[in-house]
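Step one of this worksheet: look at the structure below.
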Amino acid sequence: MALEKYPIFNMPNLMKGKFLSRPNRFIGEIEYKGQIETAHIHDPGRLKELLIKGAEVLFTYSKGKLKYYIKAVHTRNEWVLIDTSLHSKIAMKVFKFLPDFSNVREIKKEVKIGNSRIDFVLDNVPLEVKGVSLVRDGIALFPDAPTERGARHVREIIEHNGIILLLVFRKAKGFAPNLEMDRKFSNNLSEARKKGIRIIPVQISFDGKTIYYHGRIPLLDF
């Protein structure tokens with residue numbers, strides 16, 4: 001049964017071009033109106049399954065050093081958001097749909113906890129957000145590249161009895177950690193689950209204009 005969808009916000013002024021190459025993890029070369037341009041990529045993941053030569057991308061003008069800023073890439077009939085700077089804004093909208101947060105009175109952003117800066121503290125409960133853009137055989141996987149920082153965040157969440165919110169940006173039937181890519185992160189997440197830490201994967205989609213919330217998806221056995 002298909003999940004319902006709820007619009008959370010629009011993304012205006014998007015332009016469309018073609019992805020050409022990724023000289024480094026923060027720069028992409030794109031083709032726009034017959035010209036080769038450089039664009040910022042705000043996602044440190046590898047994105048190998050997404051950033052393929054010839055793939056359509058949506059982008060805006062950048063406020064930084066580069067002229068453009070890539071927001072999403074098209075693959076397998078869906079637009080996939082790859083702008084990690086949007087995660088906090090999306091999470092703020094998602095909170096209102098989840099009963100877990102219905103009674104939250106105070107939300108703080110970017111709070112230092114232990115040796116990490118955690119995305120949110122909700123009534124003194126830390127919450128870390130991770131964006132998931134890798135899907136294989138219908139299973140959403142994180143991370144798509146080794147992440148010492150991500151493993152450390154999970155450790156802090158365990159030690160402070162927090163919450164992990166996973167924003168899944170592609171169609172998926174469930175979520176599991178990517179053990180093959182990062183054993184340390186996966187082991188930490190497994191420990192978090194065993195200790196009763198709330199791990200909440202939610203389905204997010206983007207139609208090229210509007211971002212939608214579709215509800216929770218299963219946290220698979222791992």
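Following the order of the structure tokens, chains are lettered A, B, ..., residues in each are numbered from 1, and ligands are numbered from 1.
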Taking 3 positions as the minimum chain separation for residues in the same chain, which residues sit within 12 Å of stretch 3-12 of chain A when counting only C-alpha atoms? Answer as a ChimeraX atom specification. /A:15,58-61,71-72,81,83,86,89-97,171-173,202-217
Just asking: which residues within chain A are strand (DSSP E or B) according to DSSP, as a PyMOL selection string? chain A and resi 6-10+15-24+27-32+35-40+56-61+68-75+78-81+107-113+116-122+125-132+134-136+139-142+163-168+174-177+198-206+210-216+219
Per residue of stretch 165-216 of chain A within 9 Å of stretch 140-149 of chain A, note the shortest atom pair and the distance in Å to one decimal, counting only C-alpha atoms, and order the rows by chain and increasing residue number, as CSV.
residue,atom,partner,partner_atom,distance
A:Val168,CA,A:Ala140,CA,6.9
A:Phe169,CA,A:Ala140,CA,8.9
A:Arg170,CA,A:Ala140,CA,7.7
A:Lys171,CA,A:Ala140,CA,8.1
A:Ala172,CA,A:Ala140,CA,5.7
A:Lys173,CA,A:Ala140,CA,7.6
A:Gly174,CA,A:Ala140,CA,6.1
A:Phe175,CA,A:Ala140,CA,4.6
A:Ala176,CA,A:Leu141,CA,5.4
A:Pro177,CA,A:Phe142,CA,5.1
A:Asn178,CA,A:Leu141,CA,5.1
A:Leu179,CA,A:Phe142,CA,8.6
A:Met181,CA,A:Pro146,CA,6.2
A:Asp182,CA,A:Pro146,CA,5.1
A:Arg183,CA,A:Pro146,CA,8.6
A:Lys184,CA,A:Glu148,CA,8.0
A:Phe185,CA,A:Thr147,CA,7.2
A:Ser186,CA,A:Phe142,CA,8.5
Those same residues, written as a PDB file, in the first residue's frame with C-alpha atoms?
ATOM      1  CA  VAL A 168      15.269   8.648   3.465  1.00  0.00           C
ATOM      2  CA  PHE A 169      15.272  10.566   0.182  1.00  0.00           C
ATOM      3  CA  ARG A 170      14.529   7.667  -2.180  1.00  0.00           C
ATOM      4  CA  LYS A 171      11.706   5.137  -2.359  1.00  0.00           C
ATOM      5  CA  ALA A 172      12.521   2.327   0.065  1.00  0.00           C
ATOM      6  CA  LYS A 173      10.725  -0.476   1.865  1.00  0.00           C
ATOM      7  CA  GLY A 174      12.917  -0.242   4.941  1.00  0.00           C
ATOM      8  CA  PHE A 175      16.212   0.965   6.402  1.00  0.00           C
ATOM      9  CA  ALA A 176      19.374  -0.813   7.548  1.00  0.00           C
ATOM     10  CA  PRO A 177      22.928   0.385   8.265  1.00  0.00           C
ATOM     11  CA  ASN A 178      25.480  -0.146   5.508  1.00  0.00           C
ATOM     12  CA  LEU A 179      27.699  -2.678   7.283  1.00  0.00           C
ATOM     13  CA  MET A 181      30.695   0.354   3.902  1.00  0.00           C
ATOM     14  CA  ASP A 182      31.206   1.303   7.567  1.00  0.00           C
ATOM     15  CA  ARG A 183      31.373  -1.402  10.226  1.00  0.00           C
ATOM     16  CA  LYS A 184      31.981   1.025  13.092  1.00  0.00           C
ATOM     17  CA  PHE A 185      28.931   3.153  12.329  1.00  0.00           C
ATOM     18  CA  SER A 186      26.820   0.021  11.819  1.00  0.00           C
TER      19      SER A 186
END
Got a sec: who's within 12 Å of A:Ile118, counting only C-alpha atoms, leaving out chain neighbours fewer than 2 positions off, as a PyMOL selection string? chain A and resi 88+108-116+120-122+124-130+149-150+152-157+160+162-165
Keeping only C-alpha atoms, write the selected residues as a JSON list (two decimals), in the first residue's frame.
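What follows is the written file part-v5.json:
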[["chain", "number", "residue", "atom", "x", "y", "z"],
["A", 88, "SER", "CA", 17.61, 20.56, 9.56],
["A", 108, "LYS", "CA", 17.45, 24.00, 20.27],
["A", 109, "LYS", "CA", 19.62, 23.66, 17.17],
["A", 110, "GLU", "CA", 23.30, 22.76, 16.80],
["A", 111, "VAL", "CA", 24.08, 21.95, 20.43],
["A", 112, "LYS", "CA", 27.49, 20.77, 21.60],
["A", 113, "ILE", "CA", 27.18, 17.46, 23.43],
["A", 114, "GLY", "CA", 30.29, 15.59, 24.49],
["A", 115, "ASN", "CA", 32.75, 15.78, 21.61],
["A", 116, "SER", "CA", 30.12, 16.44, 18.94],
["A", 120, "PHE", "CA", 18.84, 19.31, 17.86],
["A", 121, "VAL", "CA", 17.98, 19.11, 21.53],
["A", 122, "LEU", "CA", 14.26, 18.62, 22.13],
["A", 124, "ASN", "CA", 16.85, 18.24, 26.83],
["A", 125, "VAL", "CA", 16.81, 15.12, 24.60],
["A", 126, "PRO", "CA", 19.48, 15.20, 21.83],
["A", 127, "LEU", "CA", 18.40, 14.27, 18.32],
["A", 128, "GLU", "CA", 20.74, 13.65, 15.40],
["A", 129, "VAL", "CA", 19.52, 13.79, 11.78],
["A", 130, "LYS", "CA", 21.04, 11.75, 8.95],
["A", 149, "ARG", "CA", 31.87, 11.71, 12.43],
["A", 150, "GLY", "CA", 28.63, 9.77, 11.99],
["A", 152, "ARG", "CA", 30.82, 9.47, 16.87],
["A", 153, "HIS", "CA", 27.39, 11.09, 16.69],
["A", 154, "VAL", "CA", 25.69, 7.74, 17.28],
["A", 155, "ARG", "CA", 27.98, 7.13, 20.27],
["A", 156, "GLU", "CA", 26.97, 10.50, 21.77],
["A", 157, "ILE", "CA", 23.30, 9.70, 21.21],
["A", 160, "HIS", "CA", 22.92, 10.77, 26.29],
["A", 162, "GLY", "CA", 18.89, 10.57, 22.50],
["A", 163, "ILE", "CA", 17.08, 9.95, 19.22],
["A", 164, "ILE", "CA", 18.24, 9.32, 15.64],
["A", 165, "LEU", "CA", 16.06, 10.58, 12.78]]
Excluding stretch 39-47 of chain A and any residue of its chain fewer than 5 positions from it, enumerate the residues within 6 Å of it, using only C-alpha atoms, and give them as a ChimeraX atom specification. /A:26-28,66,68-70,83-84,144-145
Go ahead and compute the interatomic distance for atom CA of A:Val104 and atom CA of A:Leu220, in Å to one decimal.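 So the two atoms, atom CA of A:Val104 and atom CA of A:Leu220, lie 27.3 Å apart.
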Record the distance separating atom CA of A:Leu134 and atom CA of A:Asn77, expressed in Å with one decimal. 14.9 Å
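For the choices A:Glu29, A:Asp137, A:Glu37, A:Glu159, the atom-to-atom distance to A:Gly54 is smallest for A:Glu29 when using only C-alpha atoms.
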Can you list, as an mmCIF file with C-alpha atoms, in the first residue's frame, all residues belonging to stretch 86-184 of chain A that DSSP tags as alpha helix (DSSP H)?
data_model
loop_
_atom_site.group_PDB
_atom_site.id
_atom_site.type_symbol
_atom_site.label_atom_id
_atom_site.label_comp_id
_atom_site.auth_asym_id
_atom_site.auth_seq_id
_atom_site.Cartn_x
_atom_site.Cartn_y
_atom_site.Cartn_z
ATOM 1 C CA HIS A 87 18.227 18.348 6.559
ATOM 2 C CA SER A 88 17.606 20.564 9.561
ATOM 3 C CA LYS A 89 14.811 22.484 7.836
ATOM 4 C CA ILE A 90 13.145 19.258 6.678
ATOM 5 C CA ALA A 91 13.469 17.703 10.146
ATOM 6 C CA MET A 92 11.754 20.711 11.736
ATOM 7 C CA LYS A 93 8.772 20.123 9.453
ATOM 8 C CA VAL A 94 8.786 16.351 10.070
ATOM 9 C CA PHE A 95 8.614 16.742 13.866
ATOM 10 C CA GLU A 148 33.957 8.655 11.589
ATOM 11 C CA ARG A 149 31.872 11.714 12.430
ATOM 12 C CA GLY A 150 28.631 9.770 11.985
ATOM 13 C CA ALA A 151 29.858 6.928 14.194
ATOM 14 C CA ARG A 152 30.820 9.472 16.872
ATOM 15 C CA HIS A 153 27.385 11.087 16.686
ATOM 16 C CA VAL A 154 25.688 7.739 17.284
ATOM 17 C CA ARG A 155 27.980 7.134 20.270
ATOM 18 C CA GLU A 156 26.974 10.499 21.766
ATOM 19 C CA ILE A 157 23.299 9.700 21.211
ATOM 20 C CA ILE A 158 23.732 6.390 23.041
ATOM 21 C CA GLU A 159 25.531 8.016 25.968
ATOM 22 C CA ARG A 183 31.373 -1.402 10.226
ATOM 23 C CA LYS A 184 31.981 1.025 13.092
#
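Computed from the coordinates, the atom CA of A:Asp119 to atom CA of A:Thr75 distance equals 28.4 Å.
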Find the residue from A:Ala192, A:Val132, A:Leu167, A:Ala55 that sits nearest to A:Arg76; use only C-alpha atoms when measuring.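 Checking each of A:Ala192, A:Val132, A:Leu167, A:Ala55 against A:Arg76, counting only C-alpha atoms, the winner is A:Ala55.
Nearest residue to A:Asn103, choosing from A:Asp123, A:Ser85, A:Arg22, A:Gly17 and counting only C-alpha atoms: A:Asp123.
Using only C-alpha atoms for every distance, the candidate list A:Leu219, A:Leu98, A:Val57, A:Ile200 yields A:Val57 as the residue closest to A:Ile82.
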